[in-house]
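Peer 1: Take a look at model.csv, CSV, C-alpha atoms:
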```
chain,number,residue,atom,x,y,z
M,1,LEU,CA,114.6,125.1,124.4
M,2,THR,CA,114.6,128.2,122.2
M,3,SER,CA,112.5,129.1,119.1
M,4,PRO,CA,115.1,128.2,116.5
M,5,VAL,CA,115.4,124.7,117.9
M,6,TYR,CA,111.7,124.2,117.7
M,7,ILE,CA,111.7,125.6,114.1
M,8,GLY,CA,114.5,123.2,113.2
M,9,ILE,CA,112.7,120.2,114.7
M,10,PHE,CA,109.5,121.2,112.8
M,11,GLN,CA,111.2,121.6,109.5
M,12,THR,CA,113.1,118.3,110.0
M,13,LEU,CA,109.9,116.4,110.6
M,14,PHE,CA,108.4,118.3,107.7
M,15,VAL,CA,111.1,116.6,105.5
M,16,LEU,CA,111.1,113.2,107.2
M,17,GLY,CA,107.3,112.8,106.7
M,18,PRO,CA,107.7,112.4,103.0
M,19,ALA,CA,110.6,110.0,103.6
M,20,VAL,CA,108.2,107.7,105.4
M,21,GLY,CA,105.7,108.2,102.6
M,22,PHE,CA,108.3,107.2,100.0
M,23,VAL,CA,109.3,104.1,101.8
M,24,ALA,CA,105.8,103.0,102.5
M,25,GLY,CA,104.7,104.0,98.9
M,26,GLY,CA,107.6,102.0,97.5
M,27,GLN,CA,106.4,98.9,99.3
M,28,LEU,CA,102.8,99.5,98.2
M,29,LEU,CA,103.8,99.9,94.6
M,30,SER,CA,105.1,96.3,94.6
M,31,LEU,CA,101.5,95.2,95.2
M,32,HIS,CA,99.0,95.2,92.3
M,33,THR,CA,96.5,98.1,92.4
M,34,ASP,CA,93.6,95.7,92.9
M,35,LEU,CA,95.5,94.0,95.7
M,36,ILE,CA,95.3,90.6,93.9
M,37,THR,CA,98.1,88.2,93.6
M,38,ASP,CA,97.2,86.2,90.4
M,39,SER,CA,97.0,89.0,87.9
M,40,GLY,CA,99.7,87.4,85.7
M,41,LEU,CA,101.7,90.6,85.7
M,42,THR,CA,104.9,91.4,87.6
M,43,PRO,CA,106.3,94.8,88.7
M,44,SER,CA,108.8,94.7,85.9
M,45,SER,CA,105.9,94.6,83.3
M,46,SER,CA,105.1,97.8,81.4
M,47,LEU,CA,101.4,97.1,82.1
M,48,TRP,CA,101.9,96.9,85.9
M,49,VAL,CA,100.0,99.5,88.0
M,50,GLY,CA,101.1,99.5,91.6
M,51,ALA,CA,98.8,100.0,94.6
M,52,TRP,CA,99.1,103.8,94.8
M,53,TRP,CA,95.8,104.4,96.7
M,54,PRO,CA,96.3,102.7,100.1
M,55,GLY,CA,98.7,105.5,101.3
M,56,PHE,CA,95.9,108.1,100.8
M,57,LEU,CA,93.5,105.9,102.7
M,58,ILE,CA,95.9,105.4,105.6
M,59,SER,CA,96.6,109.2,105.7
M,60,PHE,CA,92.9,109.9,105.7
M,61,ILE,CA,92.3,107.6,108.6
M,62,TRP,CA,95.2,109.1,110.6
M,63,ALA,CA,94.1,112.6,109.9
M,64,THR,CA,90.5,111.7,111.0
M,65,LEU,CA,91.8,110.2,114.3
M,66,LEU,CA,94.0,113.2,115.0
M,67,PHE,CA,91.0,115.5,114.3
M,68,PHE,CA,89.0,113.8,117.0
M,69,ILE,CA,91.8,114.0,119.4
M,70,PHE,CA,92.4,117.7,118.8
M,71,ILE,CA,88.8,118.6,119.0
M,72,LEU,CA,88.8,117.3,122.6
M,73,TYR,CA,91.1,120.2,123.6
M,74,PRO,CA,89.5,123.3,125.0
M,75,PRO,CA,89.6,126.4,122.7
M,76,SER,CA,91.9,128.3,125.1
M,77,VAL,CA,93.8,127.7,128.2
M,78,SER,CA,94.1,130.5,130.7
M,79,LYS,CA,95.9,130.4,134.0
M,80,LEU,CA,94.6,133.8,135.0
M,81,GLY,CA,90.9,133.0,134.9
M,82,LYS,CA,87.8,134.9,133.7
M,83,GLU,CA,89.3,138.4,134.5
M,84,ALA,CA,92.1,137.8,132.0
M,85,SER,CA,89.6,136.7,129.3
M,86,LYS,CA,87.7,140.0,129.6
M,87,VAL,CA,90.9,142.0,129.3
M,88,MET,CA,91.9,140.0,126.2
M,89,GLU,CA,88.5,140.6,124.6
M,90,GLU,CA,89.0,144.4,125.1
M,91,LYS,CA,92.5,144.1,123.5
M,92,LYS,CA,91.2,142.2,120.5
M,93,SER,CA,89.3,145.3,119.3
M,94,LEU,CA,92.5,147.3,119.5
M,95,MET,CA,94.5,144.8,117.6
M,96,LEU,CA,92.8,145.2,114.2
M,97,PRO,CA,93.9,148.8,113.5
M,98,ASP,CA,97.5,147.9,114.3
M,99,LEU,CA,97.6,145.1,111.8
M,100,ILE,CA,99.0,147.2,109.0
M,101,LYS,CA,101.7,148.6,111.3
M,102,TYR,CA,102.7,145.1,112.3
M,103,LEU,CA,102.7,143.8,108.8
M,104,LYS,CA,104.9,146.7,107.6
M,105,SER,CA,107.3,145.9,110.5
M,106,LEU,CA,107.4,142.3,109.5
M,107,MET,CA,107.9,142.9,105.8
M,108,THR,CA,110.7,145.3,106.4
M,109,ASN,CA,112.5,142.8,108.7
M,110,PRO,CA,115.5,141.5,106.7
M,111,THR,CA,115.9,138.4,108.8
M,112,TYR,CA,112.3,137.4,108.3
M,113,ILE,CA,112.4,138.0,104.6
M,114,CYS,CA,115.7,136.1,104.1
M,115,ILE,CA,114.5,133.1,106.1
M,116,SER,CA,111.2,133.1,104.2
M,117,ILE,CA,113.0,133.2,100.8
M,118,ALA,CA,115.4,130.5,101.9
M,119,GLN,CA,112.5,128.3,103.1
M,120,ALA,CA,110.7,128.8,99.8
M,121,VAL,CA,113.7,127.8,97.8
M,122,ASP,CA,114.4,124.8,100.0
M,123,SER,CA,110.8,123.7,99.7
M,124,LEU,CA,111.0,124.1,95.9
M,125,VAL,CA,114.1,122.0,95.6
M,126,ILE,CA,112.7,119.2,97.9
M,127,SER,CA,109.4,119.3,96.1
M,128,GLY,CA,111.0,119.0,92.7
M,129,LEU,CA,113.3,116.1,93.8
M,130,SER,CA,110.5,114.2,95.5
M,131,ALA,CA,108.3,114.5,92.5
M,132,PHE,CA,110.7,113.7,89.7
M,133,LEU,CA,113.7,111.9,91.2
M,134,PRO,CA,112.1,108.5,91.5
M,135,LYS,CA,111.0,108.5,87.9
M,136,TYR,CA,114.4,109.7,86.8
M,137,ILE,CA,116.1,106.9,88.7
M,138,GLU,CA,113.6,104.4,87.4
M,139,HIS,CA,114.4,105.2,83.8
M,140,GLN,CA,118.1,105.9,84.1
M,141,PHE,CA,119.0,102.8,86.0
M,142,SER,CA,116.2,100.4,84.8
M,143,LEU,CA,114.8,99.9,88.3
M,144,SER,CA,111.2,99.4,89.3
M,145,GLY,CA,109.1,102.3,90.4
M,146,GLY,CA,108.7,101.0,93.9
M,147,PHE,CA,112.4,100.4,94.4
M,148,SER,CA,113.4,103.8,93.0
M,149,ALA,CA,110.8,105.5,95.3
M,150,MET,CA,112.3,103.7,98.3
M,151,LEU,CA,115.8,104.8,97.3
M,152,VAL,CA,114.7,108.4,97.3
M,153,GLY,CA,112.9,108.0,100.6
M,154,ILE,CA,115.8,106.2,102.3
M,155,ILE,CA,118.7,108.4,100.9
M,156,ALA,CA,117.7,111.8,99.6
M,157,VAL,CA,114.9,112.9,101.9
M,158,PRO,CA,116.7,112.2,105.3
M,159,SER,CA,119.7,113.9,103.9
M,160,GLY,CA,117.6,117.0,103.2
M,161,GLY,CA,116.1,116.7,106.7
M,162,GLY,CA,119.5,116.6,108.3
M,163,GLY,CA,120.6,119.6,106.2
M,164,THR,CA,117.5,121.5,107.2
M,165,PHE,CA,118.0,120.7,110.9
M,166,LEU,CA,121.6,121.9,110.8
```
Show this structure as structure tokens.
Peer 2:
Amino acid sequence: LTSPVYIGIFQTLFVLGPAVGFVAGGQLLSLHTDLITDSGLTPSSSLWVGAWWPGFLISFIWATLLFFIFILYPPSVSKLGKEASKVMEEKKSLMLPDLIKYLKSLMTNPTYICISIAQAVDSLVISGLSAFLPKYIEHQFSLSGGFSAMLVGIIAVPSGGGGTFL
């Protein structure tokens, strides 16, 4: 596979991750924030506060587990052996003065600049929708916060992911 395919896969998963978060968060918002069942409130009450915090706890646990998995990998993998690592260390000292030349080359590359601007605008739109669309749907259509977040997660975010991949 080529680089653009890998970039497309990465950006698609970058969009689908929040979709999973919206769906899971929507389910969690139907639970009371104290995880009790006899509070006397329902999700349609204006005093209702959904369980917003378990998603952060689950994310922390996953990130910690992945950290311990990643730390098991060696710092570098070389097929050439110790001779290659000596040559690479010599080249590292030559790389620093060339940094400005490489940065200038990168910043004057119109393809790179256009893709960077497009990605920034795309991220801005997706971030704006993901932050404010559930609240808009909740008030516009008189739906619960959890259900409106699930709607955004199920419909809008995968659509953005499909568009990003294409």
Peer 1: Check the smallest atom-to-atom distance from each of M:Asp98, M:His32, M:Gly55, M:Ser44 to M:Leu143 using all atoms listed in the file, then report the winner.
Peer 2: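 Using all atoms listed in the file, M:Leu143 sits closest to M:Ser44.
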Peer 1: To one decimal in Å, tell me the separation between atom CA of M:Val121 and atom CA of M:Met107.
Peer 2: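 Computing it gives 18.0 Å between the two atoms.
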Peer 1: Which residue gives the smallest distance to M:Phe14 among M:Leu133, M:Ile155, M:Ile126, M:Leu31, with only C-alpha atoms counted?
Peer 2: M:Ile126
Peer 1: Excluding M:Ala149 and its own-chain neighbours fewer than 5 positions away, which residues fall within 7 Å of it when counting all atoms listed in the file? Please give them as number ranges by chain.
Peer 2: M: 22-23, 26, 134
Peer 1: Rounded to one decimal, what separation in Å do you get between atom CA of M:Leu151 and atom CA of M:Asp38?
Peer 2: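 Those two atoms sit 27.2 Å apart.
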Peer 1: Could you list, as a ChimeraX atom specification, every residue within 12 Å of M:Ser59, counting only C-alpha atoms and ignoring same-chain residues fewer than 5 positions away?
Peer 2: /M:17-18,20-21,24-25,53-54,64-66
Peer 1: To one decimal place in Å, what is the distance between atom CA of M:Ser144 and atom CA of M:Ser46?
Peer 2: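 Answer for the atom CA of M:Ser144 to atom CA of M:Ser46 separation: 10.1 Å.
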Peer 1: For M:Trp52, which residue out of M:Pro75, M:Ser39, M:Gly145, M:Ala19 is the nearest one, using all atoms listed in the file?
Peer 2: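 Smallest distance to M:Trp52 is found for M:Gly145.
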Peer 1: Using only C-alpha atoms, which residue out of M:Leu72, M:Pro4, M:Thr33, M:Asp122 lies closest to M:Trp48?
Peer 2: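 Nearest to M:Trp48: M:Thr33.
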Peer 1: Please determine, counting only C-alpha atoms, which residue among M:Ala63, M:Ser148, M:Glu138, M:Ser130 has the shortest atom-to-atom distance to M:Val15.
Peer 2: M:Ser130
Peer 1: Ranking M:Ile100, M:Leu1, M:Met150, M:Ile7 by minimum distance to M:Gln119 and counting all atoms listed in the file, which one comes first?
Peer 2: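 Distance minimum relative to M:Gln119 lands on M:Ile7.
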